[in-house]
Structure formats: structure tokens, C-alpha cells
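The structure file my_file_21.cif is reproduced below (mmCIF, C-alpha atoms).
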data_start
#
loop_
_atom_site.label_atom_id
_atom_site.label_comp_id
_atom_site.auth_asym_id
_atom_site.auth_seq_id
_atom_site.Cartn_x
_atom_site.Cartn_y
_atom_site.Cartn_z
CA GLY A 1 0.00 0.00 0.00
CA ALA A 2 0.88 3.66 -0.17
CA VAL A 3 3.48 4.90 2.26
CA VAL A 4 4.13 8.36 3.56
CA SER A 5 7.47 9.01 5.17
CA GLN A 6 8.02 11.84 7.60
CA HIS A 7 11.40 12.99 8.86
CA PRO A 8 12.68 13.56 11.47
CA SER A 9 10.64 11.58 13.96
CA ARG A 10 12.00 13.58 16.88
CA VAL A 11 13.77 16.90 17.08
CA ILE A 12 14.92 19.12 19.90
CA CYS A 13 15.86 22.68 19.10
CA LYS A 14 16.69 25.88 20.89
CA SER A 15 14.30 28.79 21.09
CA GLY A 16 14.71 31.15 18.18
CA THR A 17 15.95 28.58 15.72
CA SER A 18 14.05 27.11 12.77
CA VAL A 19 13.18 23.49 12.20
CA LYS A 20 12.27 21.83 8.92
CA ILE A 21 10.08 18.72 8.76
CA GLU A 22 9.84 16.70 5.55
CA CYS A 23 6.92 14.66 4.30
CA ARG A 24 7.37 12.35 1.34
CA SER A 25 4.91 10.17 -0.48
CA LEU A 26 6.97 7.14 -1.44
CA ASP A 27 4.93 5.31 -4.04
CA PHE A 28 2.34 7.71 -5.36
CA GLN A 29 2.17 11.32 -6.48
CA ALA A 30 0.44 13.59 -4.03
CA THR A 31 -0.80 16.88 -5.40
CA THR A 32 -2.22 17.66 -2.01
CA MET A 33 -0.70 17.11 1.40
CA PHE A 34 -1.92 18.15 4.81
CA TRP A 35 -0.14 19.23 7.95
CA TYR A 36 -1.65 18.57 11.36
CA ARG A 37 -0.69 19.43 14.88
CA GLN A 38 -1.67 17.27 17.81
CA PHE A 39 -1.56 18.35 21.42
CA PRO A 40 -1.34 15.69 24.13
CA LYS A 41 -4.51 13.68 24.48
CA GLN A 42 -6.26 15.65 21.79
CA SER A 43 -7.37 15.08 18.24
CA LEU A 44 -5.53 16.18 15.13
CA MET A 45 -5.83 19.85 14.31
CA LEU A 46 -5.45 20.70 10.65
CA MET A 47 -2.92 23.48 10.19
CA ALA A 48 -2.74 23.84 6.44
CA THR A 49 -3.31 22.23 3.08
CA SER A 50 -0.25 22.04 0.90
CA ASN A 51 -0.78 22.14 -2.86
CA GLU A 52 1.98 21.23 -5.27
CA GLY A 53 3.21 24.26 -7.17
CA SER A 54 1.07 26.79 -5.36
CA LYS A 55 0.70 28.47 -2.01
CA ALA A 56 -0.53 26.55 0.95
CA THR A 57 -3.96 27.20 2.38
CA TYR A 58 -3.82 27.86 6.10
CA GLU A 59 -6.56 27.22 8.61
CA GLN A 60 -7.89 30.08 10.65
CA GLY A 61 -5.60 31.03 13.47
CA VAL A 62 -2.47 29.42 12.00
CA GLU A 63 0.33 31.90 11.34
CA LYS A 64 1.62 31.36 7.82
CA ASP A 65 4.81 33.29 8.51
CA LYS A 66 5.46 31.07 11.49
CA PHE A 67 4.73 27.78 9.79
CA LEU A 68 6.19 27.89 6.29
CA ILE A 69 5.00 25.21 3.91
CA ASN A 70 6.63 24.34 0.62
CA HIS A 71 5.32 21.73 -1.78
CA ALA A 72 7.84 21.87 -4.57
CA SER A 73 7.26 18.44 -6.05
CA LEU A 74 4.57 15.80 -6.25
CA THR A 75 6.29 13.71 -3.61
CA LEU A 76 7.63 16.21 -1.10
CA SER A 77 6.13 18.80 1.19
CA THR A 78 8.06 20.55 3.94
CA LEU A 79 6.93 22.38 7.05
CA THR A 80 9.37 24.86 8.58
CA VAL A 81 8.70 26.13 12.07
CA THR A 82 10.44 29.49 12.13
CA SER A 83 11.81 31.19 15.23
CA ALA A 84 10.56 28.34 17.34
CA HIS A 85 9.34 28.93 20.88
CA PRO A 86 8.56 26.44 23.64
CA GLU A 87 4.83 26.77 22.92
CA ASP A 88 5.52 25.35 19.46
CA SER A 89 6.48 22.06 21.08
CA SER A 90 4.01 19.51 19.81
CA PHE A 91 3.48 16.48 17.63
CA TYR A 92 3.28 17.36 13.94
CA ILE A 93 1.95 14.87 11.43
CA CYS A 94 1.58 15.05 7.68
CA SER A 95 -0.85 13.33 5.39
CA ALA A 96 -1.02 12.68 1.67
CA ARG A 97 -4.26 12.06 -0.18
CA GLY A 98 -4.76 9.08 -2.39
CA PRO A 99 -7.87 8.77 -4.59
CA HIS A 100 -10.13 7.80 -1.73
CA GLU A 101 -8.09 7.72 1.42
CA ALA A 102 -5.50 9.63 3.36
CA PHE A 103 -2.19 8.17 4.43
CA PHE A 104 -0.24 9.55 7.32
CA GLY A 105 3.41 9.97 8.11
CA GLN A 106 4.98 8.72 11.29
CA GLY A 107 4.80 12.13 12.90
CA THR A 108 7.46 14.46 14.31
CA ARG A 109 7.73 15.25 17.97
CA LEU A 110 9.17 18.73 18.27
CA THR A 111 10.57 19.96 21.56
CA VAL A 112 11.73 23.55 21.80
CA VAL A 113 13.97 24.29 24.76
CA ALA B 1 -21.17 21.52 8.25
CA GLN B 2 -19.61 18.17 8.95
CA LYS B 3 -18.93 16.78 12.37
CA VAL B 4 -17.72 13.54 13.91
CA THR B 5 -18.46 12.67 17.51
CA GLN B 6 -16.71 9.99 19.50
CA ALA B 7 -18.48 10.27 22.81
CA GLN B 8 -16.23 7.79 24.61
CA THR B 9 -13.08 9.61 25.66
CA GLU B 10 -11.49 6.63 27.38
CA ILE B 11 -12.32 2.96 27.62
CA SER B 12 -10.55 0.40 29.75
CA VAL B 13 -11.25 -3.31 29.57
CA VAL B 14 -9.59 -6.54 30.55
CA GLU B 15 -7.91 -8.61 27.89
CA LYS B 16 -10.17 -10.97 25.93
CA GLU B 17 -13.23 -8.82 26.46
CA ASP B 18 -15.11 -7.47 23.47
CA VAL B 19 -15.23 -3.70 23.15
CA THR B 20 -17.16 -1.34 20.88
CA LEU B 21 -16.03 2.15 19.99
CA ASP B 22 -18.82 4.48 18.94
CA CYS B 23 -18.72 7.00 16.12
CA VAL B 24 -21.56 9.30 15.11
CA TYR B 25 -21.23 11.66 12.17
CA GLU B 26 -23.14 14.61 10.76
CA THR B 27 -23.31 15.66 7.13
CA ARG B 28 -25.89 16.77 4.61
CA ASP B 29 -23.95 15.34 1.72
CA THR B 30 -25.07 12.06 0.23
CA THR B 31 -21.66 10.89 -0.95
CA TYR B 32 -18.99 10.58 1.68
CA TYR B 33 -16.41 8.25 3.15
CA LEU B 34 -15.91 7.12 6.73
CA PHE B 35 -12.63 5.98 8.18
CA TRP B 36 -11.15 4.47 11.29
CA TYR B 37 -7.53 5.03 12.22
CA LYS B 38 -5.46 3.59 15.05
CA GLN B 39 -2.80 5.70 16.76
CA PRO B 40 -0.50 3.56 18.93
CA PRO B 41 1.87 5.19 21.45
CA SER B 42 4.46 5.63 18.69
CA GLY B 43 2.20 8.28 17.18
CA GLU B 44 1.74 7.09 13.64
CA LEU B 45 -1.82 6.89 12.36
CA VAL B 46 -2.58 3.45 11.00
CA PHE B 47 -5.37 3.16 8.47
CA LEU B 48 -7.92 0.49 9.44
CA ILE B 49 -10.89 0.86 7.14
CA ARG B 50 -12.68 3.06 4.63
CA ARG B 51 -16.38 2.80 3.94
CA ASN B 52 -18.32 4.80 1.37
CA SER B 53 -21.80 6.08 2.04
CA PHE B 54 -23.45 3.74 -0.45
CA ASP B 55 -22.08 0.60 1.07
CA GLU B 56 -23.82 -0.28 4.32
CA GLN B 57 -22.56 -3.80 4.39
CA ASN B 58 -20.85 -4.55 7.64
CA GLU B 59 -17.27 -5.67 7.47
CA ILE B 60 -15.21 -8.11 9.47
CA SER B 61 -11.45 -8.34 9.41
CA GLY B 62 -10.10 -10.83 11.88
CA ARG B 63 -11.00 -9.60 15.35
CA TYR B 64 -12.16 -6.25 14.00
CA SER B 65 -15.66 -5.52 12.75
CA TRP B 66 -17.48 -2.39 11.70
CA ASN B 67 -21.19 -1.62 11.81
CA PHE B 68 -22.28 1.15 9.47
CA GLN B 69 -25.85 2.36 9.90
CA LYS B 70 -26.94 5.37 7.86
CA SER B 71 -30.27 5.52 9.69
CA THR B 72 -28.49 6.50 12.87
CA SER B 73 -25.43 8.10 11.20
CA SER B 74 -23.17 5.76 13.07
CA PHE B 75 -20.06 3.82 12.14
CA ASN B 76 -19.13 1.77 15.18
CA PHE B 77 -16.02 -0.34 15.58
CA THR B 78 -15.88 -3.56 17.58
CA ILE B 79 -12.81 -5.45 18.69
CA THR B 80 -13.50 -9.03 19.66
CA ALA B 81 -11.32 -10.85 22.18
CA SER B 82 -9.24 -7.76 22.81
CA GLN B 83 -5.50 -7.96 23.29
CA VAL B 84 -3.02 -5.70 25.03
CA VAL B 85 -1.60 -4.70 21.62
CA ASP B 86 -4.95 -3.17 20.78
CA SER B 87 -4.26 -0.42 23.30
CA ALA B 88 -4.17 2.84 21.35
CA VAL B 89 -6.16 5.92 20.50
CA TYR B 90 -8.72 5.27 17.79
CA PHE B 91 -10.01 8.01 15.52
CA CYS B 92 -13.10 8.01 13.38
CA ALA B 93 -13.05 10.42 10.42
CA LEU B 94 -15.34 11.70 7.67
CA LEU B 95 -14.46 12.83 4.15
CA ILE B 96 -16.99 14.46 1.88
CA GLN B 97 -16.64 13.63 -1.79
CA GLY B 98 -15.03 16.56 -3.53
CA ALA B 99 -13.66 17.95 -0.30
CA GLN B 100 -10.03 17.82 0.60
CA LYS B 101 -10.15 17.75 4.36
CA LEU B 102 -10.80 14.87 6.70
CA VAL B 103 -12.95 15.70 9.68
CA PHE B 104 -11.75 13.83 12.75
CA GLY B 105 -13.53 12.86 15.89
CA GLN B 106 -11.89 13.56 19.22
CA GLY B 107 -10.60 10.03 19.50
CA THR B 108 -11.15 7.24 22.01
CA ARG B 109 -8.27 6.09 24.15
CA LEU B 110 -8.56 2.34 24.54
CA THR B 111 -6.61 0.54 27.23
CA ILE B 112 -6.55 -3.23 27.32
CA ASN B 113 -5.35 -4.51 30.67
CA PRO B 114 -3.73 -7.94 31.00
#
Would you write the structure of this file as C-alpha cells?
Amino acid sequence: GAVVSQHPSRVICKSGTSVKIECRSLDFQATTMFWYRQFPKQSLMLMATSNEGSKATYEQGVEKDKFLINHASLTLSTLTVTSAHPEDSSFYICSARGPHEAFFGQGTRLTVV
Amino acid sequence: AQKVTQAQTEISVVEKEDVTLDCVYETRDTTYYLFWYKQPPSGELVFLIRRNSFDEQNEISGRYSWNFQKSTSSFNFTITASQVVDSAVYFCALLIQGAQKLVFGQGTRLTINP
């Protein structure tokens, strides 16, 4: 079946630095990818929809200058958390749409210290 | 508007018991898809099943079974003879045909005790 690979699985960074998270669809082309954030013991919160070759669509309340999304190819979308702060610490997970289902990456646990 | 409700926040049972996770959805669209995902402690979401709105046939896969009833807008998930490895958070989700975004329920944390 389709596989989505997300990297890194865990990252610790210092406040003020930027962190890039990659999401790759390994065996199908994904024109659309999604980025979610999940707080402990909560559901997935959609942050943005990433469209290949165009600007991402951000959900209300998500700062697009804070969370930069690039979808430069049909198999790769990246999320960059800029000038990270401790409150950005969370679990981030990407998803790629197939024809009728969504496949998820392994997730990235970001800790900002 | 679309909505998915998983009223059970946490369930805890003893191994080998049967357990049912409830999912109720809301939509005015006639064509849609329903999903169940498992999220083990590692964090990855594991796809379990997809059901389209025109297929009300119940499905069984090993110890897992799903009961889709459009009359009550429910898509419940039953694990028979539960095992410790079934411990995870389970999410029910809804996708409207033509839409891009999955709508997730709040999830049910299932704990299977030995």
C-alpha cells in the first residue's frame, strides 16, 4: 500500500531557531498534502493544506509566517517552524491524499527548549 | 457543516473482552467516506478501514468488525477478544466527496489490561 514518510521523527531545538520537517509520499504522487498538529490527548488539528506548485492554504488562526510550507514536487512537502518557541512544542503529522483515502506519516515530535 | 463525535473519551477493559467504539457523524452530503484510524503510542496513524456512504454492508477483518448504519449516522467499531496490543487511540473520520479535508472525531483512548 501507499506509504508516507516523515522525517525527522523527533527533534529538539533551541528557542529562536528554525526546524524543517519533511513529508514524502513514497509510491504515489500527491498533489495535495496536509499538515496537522496534535496536542497531548487531543485530536488532530489541521494546520494547512499544501498544494503542489502553489501556495498553501492555512486554517484560521495558524500563522503562515510562522509555519512555512513548501510543496515543490509531487512527492515532497516541507513544514518549517520558524523562530521556534517552547509553545511550538508539539506532535506534527503530515498526510497525503490518495484517490479515496489519506495516508499519514509517522509524525514528528518537536521539543523547543 | 460536517462533524464527527466519538463520545467515549477513554475505555478500559480486561484482555479478551469485546469492546465497541462508537462514532456518530453529521453531514448533509449524500456521498462521503468514513474511516477508522489507530494511533498507537508511537504516534503514527494506522489506516484500518474506509467505507463509502453507499455501502452499508458490515465488514469483518479478523478480530475487527465495523457496523455502518446510515439511519443513525453511526459507524461503530468492535474489537472481539481484545489484546493488550490493541491499546491505542482510535479516531473516526469523515471525508466528503469533492472535499479535501478529513474531519476527525476527538478520539477514544482504549486501554486493554492484562
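Coordinates place CA of Thr5 in chain B at a distance of 25.0 Å from CA of Ala81 in chain B.
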I'd like to see the residues matched by the PyMOL selection byres ((chain A and resi 74-76) around 8) on this file, and ideally I'd get them as an mmCIF file with C-alpha atoms, in the frame of the given file.
data_model
loop_
_atom_site.group_PDB
_atom_site.id
_atom_site.type_symbol
_atom_site.label_atom_id
_atom_site.label_comp_id
_atom_site.auth_asym_id
_atom_site.auth_seq_id
_atom_site.Cartn_x
_atom_site.Cartn_y
_atom_site.Cartn_z
ATOM 1 C CA GLU A 22 9.840 16.700 5.550
ATOM 2 C CA CYS A 23 6.920 14.660 4.300
ATOM 3 C CA ARG A 24 7.370 12.350 1.340
ATOM 4 C CA SER A 25 4.910 10.170 -0.480
ATOM 5 C CA LEU A 26 6.970 7.140 -1.440
ATOM 6 C CA PHE A 28 2.340 7.710 -5.360
ATOM 7 C CA GLN A 29 2.170 11.320 -6.480
ATOM 8 C CA ALA A 30 0.440 13.590 -4.030
ATOM 9 C CA THR A 31 -0.800 16.880 -5.400
ATOM 10 C CA GLU A 52 1.980 21.230 -5.270
ATOM 11 C CA HIS A 71 5.320 21.730 -1.780
ATOM 12 C CA ALA A 72 7.840 21.870 -4.570
ATOM 13 C CA SER A 73 7.260 18.440 -6.050
ATOM 14 C CA SER A 77 6.130 18.800 1.190
ATOM 15 C CA THR A 78 8.060 20.550 3.940
#
query: Near Ala102 in chain A, counting only C-alpha atoms, which residues have an atom at most 10 Å away, once you skip same-chain residues fewer than 6 positions from it, shown as number ranges by chain?
result: A: 2, 4, 33-34, 94-96; B: 35, 47, 50, 95, 100-102
Test item: which residues lie within 9 Å of (-13.7, 12.7, 9.2) counting all atoms listed in the file, as a count of residues only: 19
- prompt: Which of these residues is nearest to Ala88 in chain B, using only C-alpha atoms: A:Val113, A:Leu68, A:Lys41, A:Val11?
  reply: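 Closest candidate: A:Lys41.
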What are the closest atom pairs, with distances in Å to one decimal, for each residue of chain A lying within 9 Å of chain B, using all atoms listed in the file, rows by chain and rising residue number, as a Markdown table?
| residue | atom | partner | partner_atom | distance |
| --- | --- | --- | --- | --- |
| A:Thr32 | CA | B:Gln100 | CA | 8.2 |
| A:Phe34 | CA | B:Lys101 | CA | 8.3 |
| A:Lys41 | CA | B:Arg109 | CA | 8.5 |
| A:Gln42 | CA | B:Gln106 | CA | 6.5 |
| A:Ser43 | CA | B:Gln106 | CA | 4.9 |
| A:Leu44 | CA | B:Phe104 | CA | 7.1 |
| A:Met45 | CA | B:Phe104 | CA | 8.6 |
| A:Leu46 | CA | B:Lys101 | CA | 8.4 |
| A:Thr49 | CA | B:Lys101 | CA | 8.3 |
| A:Phe91 | CA | B:Gly43 | CA | 8.3 |
| A:Ile93 | CA | B:Glu44 | CA | 8.1 |
| A:Arg97 | CA | B:Gln100 | CA | 8.2 |
| A:His100 | CA | B:Tyr33 | CA | 8.0 |
| A:Glu101 | CA | B:Arg50 | CA | 7.3 |
| A:Ala102 | CA | B:Leu102 | CA | 8.2 |
| A:Phe103 | CA | B:Phe47 | CA | 7.2 |
| A:Phe104 | CA | B:Leu45 | CA | 5.9 |
| A:Gly105 | CA | B:Glu44 | CA | 6.5 |
| A:Gln106 | CA | B:Glu44 | CA | 4.3 |
| A:Gly107 | CA | B:Glu44 | CA | 5.9 |
| A:Thr108 | CA | B:Gly43 | CA | 8.6 |
| A:Arg109 | CA | B:Gly43 | CA | 8.9 |
Show which residues sit within 12 Å of Lys70 in chain B, as a PDB file with C-alpha atoms, keeping the file's coordinate frame. Count all atoms listed in the file, and ignore same-chain residues fewer than 6 positions away.
ATOM      1  CA  CYS B  23     -18.720   7.000  16.120  1.00  0.00           C
ATOM      2  CA  VAL B  24     -21.560   9.300  15.110  1.00  0.00           C
ATOM      3  CA  TYR B  25     -21.230  11.660  12.170  1.00  0.00           C
ATOM      4  CA  GLU B  26     -23.140  14.610  10.760  1.00  0.00           C
ATOM      5  CA  THR B  27     -23.310  15.660   7.130  1.00  0.00           C
ATOM      6  CA  ARG B  28     -25.890  16.770   4.610  1.00  0.00           C
ATOM      7  CA  THR B  30     -25.070  12.060   0.230  1.00  0.00           C
ATOM      8  CA  THR B  31     -21.660  10.890  -0.950  1.00  0.00           C
ATOM      9  CA  TYR B  32     -18.990  10.580   1.680  1.00  0.00           C
ATOM     10  CA  TYR B  33     -16.410   8.250   3.150  1.00  0.00           C
ATOM     11  CA  LEU B  34     -15.910   7.120   6.730  1.00  0.00           C
ATOM     12  CA  ARG B  51     -16.380   2.800   3.940  1.00  0.00           C
ATOM     13  CA  ASN B  52     -18.320   4.800   1.370  1.00  0.00           C
ATOM     14  CA  SER B  53     -21.800   6.080   2.040  1.00  0.00           C
ATOM     15  CA  PHE B  54     -23.450   3.740  -0.450  1.00  0.00           C
ATOM     16  CA  ASP B  55     -22.080   0.600   1.070  1.00  0.00           C
ATOM     17  CA  GLU B  56     -23.820  -0.280   4.320  1.00  0.00           C
ATOM     18  CA  GLN B  57     -22.560  -3.800   4.390  1.00  0.00           C
ATOM     19  CA  ASN B  58     -20.850  -4.550   7.640  1.00  0.00           C
ATOM     20  CA  ASN B  76     -19.130   1.770  15.180  1.00  0.00           C
TER      21      ASN B  76
END
message: Once the PyMOL selection byres ((chain A and resi 80) around 8) is applied to the coordinates I shared, what remains selected? I want it as a PyMOL selection string.
response: chain A and resi 18-21+66-69+78-79+81-82
Give me the box for range 24-30 of chain B as JSON, namely the centre and edge lengths in Å to one decimal of a box along x, y and z that holds every listed atom plus 4 Å on each side.
{"center_x": -23.6, "center_y": 13.0, "center_z": 7.7, "size_x": 12.7, "size_y": 15.5, "size_z": 22.9}
- request: Kindly give the distance, in Å, that separates CA of Ser90 in chain A and CA of Gly16 in chain A, rounded to a single decimal.
  value: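 Distance between the two atoms: 15.9 Å.
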query: Please, what distance in Å, to one decimal, runs between CA of Ser65 in chain B and CA of Leu48 in chain B?
result: 10.3 Å
field: Selection under test: the PyMOL selection byres ((chain B and resi 21) around 6); residues as an NGL selection string
entry: :B and (20 or 22 or 76-77)
- request: Using only C-alpha atoms, pick whichever of B:Val13, B:Ile60, B:Asn113, B:Pro41 has the shortest atom-to-atom distance to Pro40 in chain A.
  value: B:Pro41
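Nearest-residue note for Ser50 in chain A: choosing from A:Gln38, A:Asn70, A:Ser89, A:Ser5, the minimum distance belongs to A:Asn70, counting only C-alpha atoms.
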